[in-house]
Amino acid sequence: MAHISINDVTKTFHTARKETHALNRASLEIPDGEILCIVGPSGCGKTTLLNLVAGFHEPSSGFILVEGEPVEGPSSQRAVVFQADAVFPWLSVKDNVGFGLAAQGRNREKEDRVNHYLDLVGLSDFAKTYPKELSGGMRKRVDLARAYASGPEVLLLDEPFGALDLFTKEAMWLALKRVTALEPKTIIFVTHDIEEALFLGDRVVVMTPRPARIHSVINVPFGAERNLDLRTDPQFQKMRADIAHTLREVHHGAA
Amino acid sequence: MAQPDPALAPTSGNKQKTPPLAAPKNSPLSRRVASPFISTATVLIVLLLWWLATSGTGLIPPLYFPSPGSVGQALIALNTQIAADAGATLLRVVVSWVGGSTLGVAVGLMMARTWWVMAALNPLIEAIRPIPPVALIPFVILWFGIGDDGKIFLGALACFMVMVVNTTVAVTNVPPVYVQAARSLGSNTGFVYRRVILPAIIPEILSGFRIGCALAFAVVVAAEFLGADLGIGRLIMQASRTLNTSTVLLGTASIAVMAVLLDLLISRLSRYITRWSANR
Ligand SMILES: Nc1ncnc2c1ncn2[C@@H]1O[C@H](COP(=O)(O)OP(=O)(O)O)[C@@H](O)[C@H]1O
Ligand SMILES: [Mg+2]
């Protein structure tokens with residue numbers, strides 16, 4: 001776990017033909033062990049924000065601290081689950097999950113940890129399988145187990161379940177809930193699914209269209225124990241409608 | 001290395017594909033069974049037509065195209081000589097091919113990894129690449145004489161060029177998320193290259209390896225034409241001076257047999273090595 005502090009961060013991409021303002025003066029404090037969900041229109045800069053925290057990009061201005069230390073490039077302290085399929089196709093499921101430990105030279109604990117996380121995401125029977133033989137949902141679980149097994153303090157998830165059908169997605173939510181209950185992490189979870197954000201998040205951040213600003217931060221009051229029926233709760237439904245309303249508003253406001 | 005280095009921009013877009021198998025694994029059973037029969041039949045029909053056109057009907061005079069029988073006689077007459085020639089050629093091909101390709105992958109990876117190596121070597125490689133290796137034979141004979149060294153050098157040069165380009169292009173095609181994922185799982189640059197970049201480009205390396213094999217044969221035999229103590233190229237050249245076309249054809253056929261067997265070996269090996277790949 002680690003405290004993340006995003007301070008007045010702006011990101012402008014310079015390409016040959018134009019400048020893209022992807023993020024405009026974003027500030028956020030994310031305490032230890034919180035799950036922070038970010039929703040916003042697509043193309044608004046959510047991935048950019050995550051990449052900045054991951055250390056893949058440098059802010060154009062402002063700065064990001066994790067546990068008080070400035071972010072300087074990627075590190076095993078901050079694992080990422082990408083929007084795209086990033087499971088290594090040339091490694092078996094088991095070797096994928098063990099990749100982080102191998103990279104960090106932690107070979108002694110590898111076997112145990114890999115088995116533990118495979119079990120947690122329900123893929124023990126597929127340890128020796130190559131990713132090409134897995135479904136999209138299973139591959140995402142491999143990705144999640146790989147990130148977890150590497151032992152990060154921070155988990156950055158970029159629309160990880162965006163391409164999955166509802167039932168697989170629900171199973172993935174529960175799997176994530178299960179692993180975070182056992183081993184809490186500070187998590188930033190980007191999504192465009194409001195239900196997903198409310199079901200998983202301790203707080204939900206709504207972003208405006210590009211250049212993304214933080215429009216509002218909403219506290220989610222449902223506690224740690226949540227089951228899928230929570231979504232029929234009137235308060236859940238109301239919050240969902242409110243966020244959808246806000247998103248529509250910011251979208252039209254910008255257009 | 002979070003973002004692909006702009007210095008790694010593809011040096012050429014031509015990506016040669018290896019020929020497809022007649023019956024890929026996922027085709028229906030009937031096709032998989034029938035396919036080898038049809039292939040065998042084609043070979044037999046061509047052999048039969050050959051025999052018919054030469055010995056059978058005498059349509060083609062033996063000087064222009066020798067009959068199967070005379071090629072058989074040539075084989076018996078040459079006896080161990082053909083084995084010695086074929087062995088010499090095969091050794092040169094394998095050594096130059098394996099050596100040149102390995103060096104090509106190593107240099108290609110270094111160029112992809114370090115911007116100044118790329119900047120330094122790219123103009124040299126781009127200048128040498130378009131030169132047909134056989135054009136260098138006169139120099140090679142001058143420098144190395146007519147023994148093994150020159151032929152191996154030339155074959156290795158050809159394979160090296162194919163591999164350097166294949167490797168640098170393949171590295172730029174590795175999806176950046178793989179590198180980013182590896183980084184955020186705690187890999188240092190060396191680990192990223194050994195465990196992510198290298199395995200990710202294995203399919204391209206193998207396809208370059210296969211192209212290089214055919215190229216090495218072409219270059220080595222051509223070099224043997226112009227001066228050699230031993231080798232199939234020398235055999236063919238010597239026989240052609242006396243219009244001994246049976247031996248010429250025998251030499252040609254022995255190249256084909258060696259090349260096909262070697263190619264079969266590589267494609268089997270490739271299929272095993274890239275068994276993880278989705279388009280297998
Ligand atoms: N590496 C990059 N170079 C140039 N522009 C980029 C780059 N990455 C993202 N952008 C631009 O920044 C904007 C925000 O992108 P992104 O953060 O991916 O949005 P989101 O994840 O919210 O859909 C987009 O307009 C996109 O085109
Ligand atoms: Mg995105």
# chains A, B, ... in the order shown; residues from 1 in each chain; ligands from 1
>>> select_by_dssp(residues="segment 186-226 of chain A", states="alpha helix (DSSP H)", output="number ranges by chain")
A: 194-200
>>> residues_near_ligand(ligand="ligand 1", cutoff="9 Å", atoms="only C-alpha atoms and all ligand atoms", output="PyMOL selection string")
(chain A and resi 11-15+18-23+39-51+57+83+158-159+190-192+207+209-212) or (chain B and resi 3)
>>> residues_around(residues="Ser277 of chain B", least_positions_apart="3", cutoff="8 Å", atoms="only C-alpha atoms", output="ChimeraX atom specification")
/A:89-90,132 /B:274,280
>>> interface_residues(of="chain A", to="chain B", cutoff="8 Å", atoms="only C-alpha atoms", output="PyMOL selection string")
chain A and resi 54+56-57+74-82+84+86-91+99-101+103-104+130-132+147+150
>>> atom_distance(atom1="atom CA of Gly108 of chain B", atom2="atom CA of Glu126 of chain B")
12.9 Å
>>> closest_residue(among="A:Lys110, A:Leu65, A:Phe189, A:Asn7", to="ligand 2", atoms="only C-alpha atoms and all ligand atoms")
A:Phe189
>>> closest_residue(among="B:Val171, B:Val221, B:Ala256, B:Val94", to="Arg113 of chain B", atoms="only C-alpha atoms")
B:Val171
>>> residues_around(residues="segment 133-145 of chain A", least_positions_apart="3", cutoff="7 Å", atoms="only C-alpha atoms", output="ChimeraX atom specification")
/A:81,87,93,97,117-118,121,129-130,148-149,164,168
>>> residues_around(residues="segment 130-135 of chain B", least_positions_apart="2", cutoff="7 Å", atoms="only C-alpha atoms", output="list in words")
Ala127, Ile128, Ile137, Leu154, Ala158, Val219, Ala222 and Ala223 of chain B
>>> write_last_selection(atoms="N, CA and C atoms", output="tab-separated table (two decimals), in the first residue's frame")
chain	number	residue	atom	x	y	z
B	127	ALA	N	23.78	0.75	-47.36
B	127	ALA	CA	24.60	0.85	-48.58
B	127	ALA	C	24.98	-0.53	-49.10
B	128	ILE	N	25.26	-1.46	-48.19
B	128	ILE	CA	25.73	-2.78	-48.62
B	128	ILE	C	24.56	-3.69	-49.01
B	137	ILE	N	31.99	-11.65	-55.65
B	137	ILE	CA	32.80	-12.87	-55.80
B	137	ILE	C	34.23	-12.57	-56.25
B	154	LEU	N	30.87	-15.01	-47.91
B	154	LEU	CA	29.83	-14.46	-48.78
B	154	LEU	C	28.43	-14.90	-48.33
B	158	ALA	N	25.36	-12.48	-46.76
B	158	ALA	CA	23.98	-12.44	-47.26
B	158	ALA	C	22.99	-12.68	-46.12
B	219	VAL	N	24.13	-18.29	-52.90
B	219	VAL	CA	25.39	-17.56	-52.90
B	219	VAL	C	26.59	-18.51	-52.91
B	222	ALA	N	26.94	-20.24	-56.30
B	222	ALA	CA	27.42	-19.27	-57.30
B	222	ALA	C	28.91	-19.01	-57.13
B	223	ALA	N	29.35	-18.91	-55.88
B	223	ALA	CA	30.78	-18.68	-55.63
B	223	ALA	C	31.59	-19.89	-56.07
>>> select_by_dssp(residues="segment 11-187 of chain A", states="strand (DSSP E or B)", output="short mmCIF file (atom, residue, chain, number, x, y, z; two decimals) with N, CA and C atoms, in the first residue's frame")
data_model
loop_
_atom_site.label_atom_id
_atom_site.label_comp_id
_atom_site.auth_asym_id
_atom_site.auth_seq_id
_atom_site.Cartn_x
_atom_site.Cartn_y
_atom_site.Cartn_z
N LYS A 11 -0.57 17.45 -18.80
CA LYS A 11 0.19 16.71 -19.81
C LYS A 11 -0.22 17.17 -21.19
N THR A 12 0.76 17.61 -21.96
CA THR A 12 0.53 18.02 -23.34
C THR A 12 1.39 17.15 -24.24
N PHE A 13 0.77 16.51 -25.22
CA PHE A 13 1.53 15.71 -26.18
C PHE A 13 1.88 16.57 -27.38
N HIS A 14 3.14 16.54 -27.77
CA HIS A 14 3.56 17.28 -28.96
C HIS A 14 3.83 16.27 -30.05
N GLU A 19 -0.55 19.83 -31.11
CA GLU A 19 -0.39 19.63 -29.68
C GLU A 19 -1.70 19.12 -29.12
N THR A 20 -1.63 18.10 -28.27
CA THR A 20 -2.85 17.61 -27.64
C THR A 20 -2.74 17.84 -26.14
N HIS A 21 -3.69 18.59 -25.63
CA HIS A 21 -3.74 18.78 -24.18
C HIS A 21 -4.53 17.64 -23.59
N ALA A 22 -3.85 16.66 -23.04
CA ALA A 22 -4.53 15.45 -22.60
C ALA A 22 -4.97 15.55 -21.15
N LEU A 23 -4.31 16.38 -20.38
CA LEU A 23 -4.66 16.46 -18.97
C LEU A 23 -4.40 17.88 -18.50
N ASN A 24 -5.39 18.44 -17.77
CA ASN A 24 -5.28 19.84 -17.41
C ASN A 24 -5.34 20.00 -15.89
N ARG A 25 -4.23 20.28 -15.29
CA ARG A 25 -4.12 20.62 -13.88
C ARG A 25 -4.93 19.70 -12.97
N ALA A 26 -4.61 18.43 -13.02
CA ALA A 26 -5.31 17.47 -12.17
C ALA A 26 -4.61 17.35 -10.83
N SER A 27 -5.40 17.35 -9.77
CA SER A 27 -4.86 17.13 -8.43
C SER A 27 -5.72 16.11 -7.71
N LEU A 28 -5.08 15.15 -7.08
CA LEU A 28 -5.81 14.11 -6.35
C LEU A 28 -4.93 13.60 -5.22
N GLU A 29 -5.54 13.29 -4.09
CA GLU A 29 -4.83 12.60 -3.01
C GLU A 29 -5.50 11.25 -2.86
N ILE A 30 -4.74 10.19 -2.96
CA ILE A 30 -5.31 8.85 -2.84
C ILE A 30 -4.66 8.17 -1.65
N ILE A 35 -9.51 2.24 -3.13
CA ILE A 35 -9.77 1.95 -4.53
C ILE A 35 -10.44 3.18 -5.12
N LEU A 36 -9.73 3.86 -5.99
CA LEU A 36 -10.25 5.07 -6.61
C LEU A 36 -10.62 4.74 -8.05
N CYS A 37 -11.90 4.97 -8.39
CA CYS A 37 -12.31 4.70 -9.77
C CYS A 37 -12.42 6.01 -10.52
N ILE A 38 -11.99 6.00 -11.78
CA ILE A 38 -12.06 7.20 -12.61
C ILE A 38 -12.98 6.92 -13.79
N VAL A 39 -14.03 7.75 -13.93
CA VAL A 39 -14.87 7.63 -15.11
C VAL A 39 -14.79 8.93 -15.89
N SER A 61 3.77 19.58 -16.57
CA SER A 61 4.01 20.38 -15.38
C SER A 61 3.32 19.70 -14.22
N GLY A 62 3.65 20.11 -13.01
CA GLY A 62 3.12 19.44 -11.83
C GLY A 62 3.97 18.22 -11.50
N PHE A 63 3.59 17.51 -10.43
CA PHE A 63 4.39 16.35 -10.05
C PHE A 63 3.52 15.30 -9.33
N ILE A 64 4.03 14.08 -9.34
CA ILE A 64 3.31 12.96 -8.72
C ILE A 64 4.21 12.33 -7.68
N LEU A 65 3.70 12.12 -6.48
CA LEU A 65 4.45 11.45 -5.43
C LEU A 65 3.77 10.14 -5.06
N VAL A 66 4.56 9.10 -4.85
CA VAL A 66 4.03 7.85 -4.31
C VAL A 66 4.83 7.56 -3.05
N GLU A 69 7.71 9.84 -2.53
CA GLU A 69 8.83 9.86 -3.49
C GLU A 69 8.31 10.23 -4.86
N PRO A 70 9.00 11.12 -5.58
CA PRO A 70 8.56 11.46 -6.93
C PRO A 70 8.66 10.25 -7.87
N ARG A 78 4.64 -0.21 -8.76
CA ARG A 78 3.36 0.15 -9.39
C ARG A 78 3.08 -0.76 -10.58
N ALA A 79 2.25 -1.77 -10.37
CA ALA A 79 1.92 -2.69 -11.45
C ALA A 79 0.73 -2.15 -12.25
N VAL A 80 0.71 -2.50 -13.54
CA VAL A 80 -0.32 -1.97 -14.43
C VAL A 80 -1.05 -3.13 -15.10
N VAL A 81 -2.38 -3.03 -15.16
CA VAL A 81 -3.15 -3.94 -16.01
C VAL A 81 -3.71 -3.08 -17.13
N VAL A 154 1.05 -0.45 -5.44
CA VAL A 154 -0.01 0.26 -6.16
C VAL A 154 -0.41 -0.57 -7.37
N LEU A 155 -1.72 -0.59 -7.64
CA LEU A 155 -2.21 -1.31 -8.81
C LEU A 155 -2.94 -0.30 -9.70
N LEU A 156 -2.53 -0.23 -10.95
CA LEU A 156 -3.15 0.71 -11.88
C LEU A 156 -3.89 -0.10 -12.94
N LEU A 157 -5.21 0.05 -12.99
CA LEU A 157 -5.99 -0.77 -13.91
C LEU A 157 -6.69 0.13 -14.93
N ASP A 158 -6.42 -0.13 -16.21
CA ASP A 158 -6.97 0.71 -17.27
C ASP A 158 -8.06 -0.03 -18.03
N THR A 186 -3.29 0.13 -2.88
CA THR A 186 -3.85 1.38 -3.36
C THR A 186 -4.11 1.17 -4.85
N ILE A 187 -5.37 1.38 -5.26
CA ILE A 187 -5.74 1.03 -6.63
C ILE A 187 -6.35 2.22 -7.35
#
>>> residues_around(residues="Leu90 of chain B", least_positions_apart="2", cutoff="10 Å", atoms="only C-alpha atoms", output="list in words")
Ala84, Asp85, Ala86, Gly87, Ala88, Arg92, Val93, Val94, Val95, Ser96, Ala216, Phe217, Val220, Val221, Gly231, Ile232, Ile255, Met258, Ala259 and Leu262 of chain B
>>> residues_around(residues="Arg226 of chain A", least_positions_apart="6", cutoff="10 Å", atoms="only C-alpha atoms", output="PyMOL selection string")
chain A and resi 174+177+199-200
>>> closest_residue(among="A:Gly151, A:Leu198, A:His116, A:Pro160", to="ligand 2", atoms="only C-alpha atoms and all ligand atoms")
A:Pro160
>>> closest_residue(among="A:Ala127, A:Val71, A:Gly162, A:Ala16", to="ligand 2", atoms="only C-alpha atoms and all ligand atoms")
A:Gly162
>>> atom_distance(atom1="atom CA of Arg213 of chain A", atom2="atom CA of Glu34 of chain A")
20.9 Å
